[in-house]
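Trainee: What follows is final02.cif, mmCIF, C-alpha atoms.
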data_my_file
loop_
_atom_site.label_atom_id
_atom_site.label_comp_id
_atom_site.auth_asym_id
_atom_site.auth_seq_id
_atom_site.Cartn_x
_atom_site.Cartn_y
_atom_site.Cartn_z
CA MET A 772 103.26 122.01 102.31
CA PRO A 773 99.77 122.78 103.58
CA VAL A 774 96.80 120.55 102.87
CA TYR A 775 93.68 122.39 101.70
CA GLU A 776 90.17 120.96 101.66
CA TYR A 777 87.73 121.80 98.86
CA LYS A 778 84.04 121.07 98.26
CA CYS A 779 82.17 121.25 94.96
CA THR A 780 79.00 123.38 95.06
CA LYS A 781 77.42 121.32 92.27
CA CYS A 782 78.11 117.63 93.09
CA SER A 783 79.11 118.10 96.79
CA GLU A 784 82.31 116.13 96.30
CA GLN A 785 84.80 116.94 99.06
CA PHE A 786 88.57 116.35 98.76
CA GLU A 787 91.97 117.44 100.00
CA VAL A 788 94.80 118.90 97.94
CA THR A 789 98.43 119.53 98.93
CA GLN A 790 99.39 122.96 97.60
CA LYS A 791 101.99 125.62 98.21
CA ILE A 792 100.78 128.72 100.00
CA ALA A 793 101.64 130.80 96.95
CA ASP A 794 99.60 128.56 94.58
CA PRO A 795 96.24 129.98 93.47
CA PRO A 796 93.18 128.16 94.89
CA LEU A 797 91.43 125.58 92.71
CA THR A 798 88.23 126.83 91.06
CA ASP A 799 86.81 123.97 88.94
CA CYS A 800 85.75 120.49 90.09
CA SER A 801 87.58 117.72 88.24
CA SER A 802 84.49 115.44 88.39
CA CYS A 803 81.65 117.67 87.17
CA GLY A 804 83.26 121.03 86.34
CA GLY A 805 81.30 122.81 89.10
CA GLU A 806 82.61 125.64 91.26
CA LEU A 807 84.88 124.73 94.19
CA LYS A 808 84.84 126.38 97.58
CA LYS A 809 87.83 126.19 99.91
CA LEU A 810 86.77 124.87 103.31
CA ILE A 811 88.10 126.08 106.62
CA THR A 812 89.23 123.10 108.65
CA SER A 813 91.28 122.62 111.77
CA ALA A 814 94.94 121.95 111.19
CA SER A 815 96.70 119.05 112.83
CA PHE A 816 100.09 119.82 114.27
CA VAL A 817 102.34 117.09 115.64
CA LEU A 818 106.01 117.52 116.44
CA LYS A 819 107.95 114.40 115.48
CA GLY A 820 111.59 113.64 114.89
CA SER A 821 114.81 114.19 116.76
CA GLY A 822 114.86 117.01 119.28
CA TRP A 823 111.33 116.46 120.61
CA TYR A 824 110.75 114.70 123.88
CA VAL A 825 108.43 111.76 124.50
CA THR A 826 107.01 113.64 127.48
CA ASP A 827 105.67 116.41 125.23
CA TYR A 828 102.79 114.28 123.91
CA PRO A 829 102.41 111.33 126.28
CA SER A 830 99.92 108.54 125.67
CA SER A 831 97.28 107.84 128.31
CA ASP A 832 99.39 104.96 129.69
CA ARG A 833 102.45 107.20 129.89
CA LYS A 834 100.41 109.90 131.68
CA LYS A 835 99.28 107.38 134.30
CA ALA A 836 102.87 106.19 134.82
CA MET A 837 104.13 109.79 135.17
CA GLU A 838 101.40 110.57 137.75
CA ALA A 839 102.27 107.42 139.71
CA GLU A 840 105.96 108.41 139.73
CA LYS A 841 105.10 111.92 140.96
CA SER A 842 102.90 110.67 143.79
CA ALA A 843 105.51 108.08 144.85
CA SER A 844 108.30 110.68 144.89
CA THR A 845 106.10 113.10 146.87
CA VAL A 846 105.53 110.46 149.56
CA LYS A 847 109.28 109.69 149.69
CA ASP A 848 110.18 113.40 149.92
CA THR A 849 107.73 113.91 152.78
CA LYS A 850 109.17 110.97 154.72
CA SER A 851 112.78 112.07 154.16
CA GLU A 852 111.96 115.65 155.24
CA LYS A 853 110.49 114.39 158.52
CA LYS A 854 113.56 112.23 159.18
CA SER A 855 116.03 114.99 158.35
CA ASP A 856 114.13 117.52 160.50
CA THR A 857 114.19 115.17 163.49
CA LYS A 858 117.89 114.42 162.98
CA LYS A 859 118.75 118.12 162.68
CA GLU A 860 117.01 118.89 165.97
CA THR A 861 118.86 116.14 167.85
CA ASP A 862 122.25 116.95 166.27
CA THR A 863 122.16 120.70 166.85
CA MET A 864 120.77 120.89 170.35
CA LYS A 865 122.17 118.84 173.25
CA LYS A 866 121.45 119.43 176.92
CA THR A 867 124.28 119.43 179.41
CA ASP A 868 124.15 118.14 182.96
CA THR A 869 123.33 121.65 184.17
CA GLY A 870 120.17 121.80 182.01
CA LYS A 871 121.54 124.43 179.61
CA GLU A 872 121.39 123.85 175.88
CA THR A 873 124.54 123.97 173.83
CA VAL A 874 124.96 123.96 170.09
CA LYS A 875 126.74 120.90 168.75
CA THR A 876 129.06 121.53 165.82
CA LYS A 877 130.13 118.82 163.45
#
Let me see the file written as structure tokens.

Mentor:
Amino acid sequence: MPVYEYKCTKCSEQFEVTQKIADPPLTDCSSCGGELKKLITSASFVLKGSGWYVTDYPSSDRKKAMEAEKSASTVKDTKSEKKSDTKKETDTMKKTDTGKETVKTK
């Protein structure tokens, strides 16, 4: 159920009330009997429970760890690409005694 915030125009008391959407808004202050105004406030929205991933809302420590993992994997990928490119070139092209290149098949 939504939480609504009200403020009394007479005594300035401010409070929150859990109400159904279909419920009529409160009109009278329980402290002084003054008129209530419904306030517009930002809603908090957090997804919790099964089915939601820890990576959806990471803490600052988790963000740092994820960034460190990304940068480490990027460095590893770059090194492995260079090695595989060099190996591909040496495996596919071999020179014969006559100086002509032939394609090596595995």

Trainee: Tell me, in Å to one decimal, how far atom CA of A:Gly804 is from atom CA of A:Val774.

Mentor: 21.4 Å

Trainee: Given the choices A:Lys778, A:Lys841, A:Ile811, A:Asp832, which gets closest to A:Leu797 if the distance is worked out from all atoms listed in the file?

Mentor: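 Closest to A:Leu797 of all the choices is A:Lys778.
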
Trainee: I'd like to know which of A:Met772, A:Leu807, A:Met837, A:Cys779 is closest to A:Asp794, using all atoms listed in the file.

Mentor: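 Smallest distance to A:Asp794 is found for A:Met772.
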
Trainee: Which value, in Å to one decimal, gives the distance between atom CA of A:Ser802 and atom CA of A:Glu776?

Mentor: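 Atom CA of A:Ser802 sits 15.5 Å away from atom CA of A:Glu776.
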
Trainee: Provide the atom CA of A:Lys834 to atom CA of A:Ala814 distance in Å, to one decimal place.

Mentor: 24.4 Å

Trainee: Considering only C-alpha atoms, state which residue in the set A:Thr798, A:Lys835, A:Lys809, A:Cys803 is at the smallest distance from A:Cys782.

Mentor: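 Smallest separation from A:Cys782 among the options: A:Cys803.
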
Trainee: Select, from A:Ser830, A:Lys781, A:Thr845, A:Glu838, the residue with the minimum atom-to-atom distance to A:Cys800, counting all atoms listed in the file.

Mentor: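 Closest candidate: A:Lys781.
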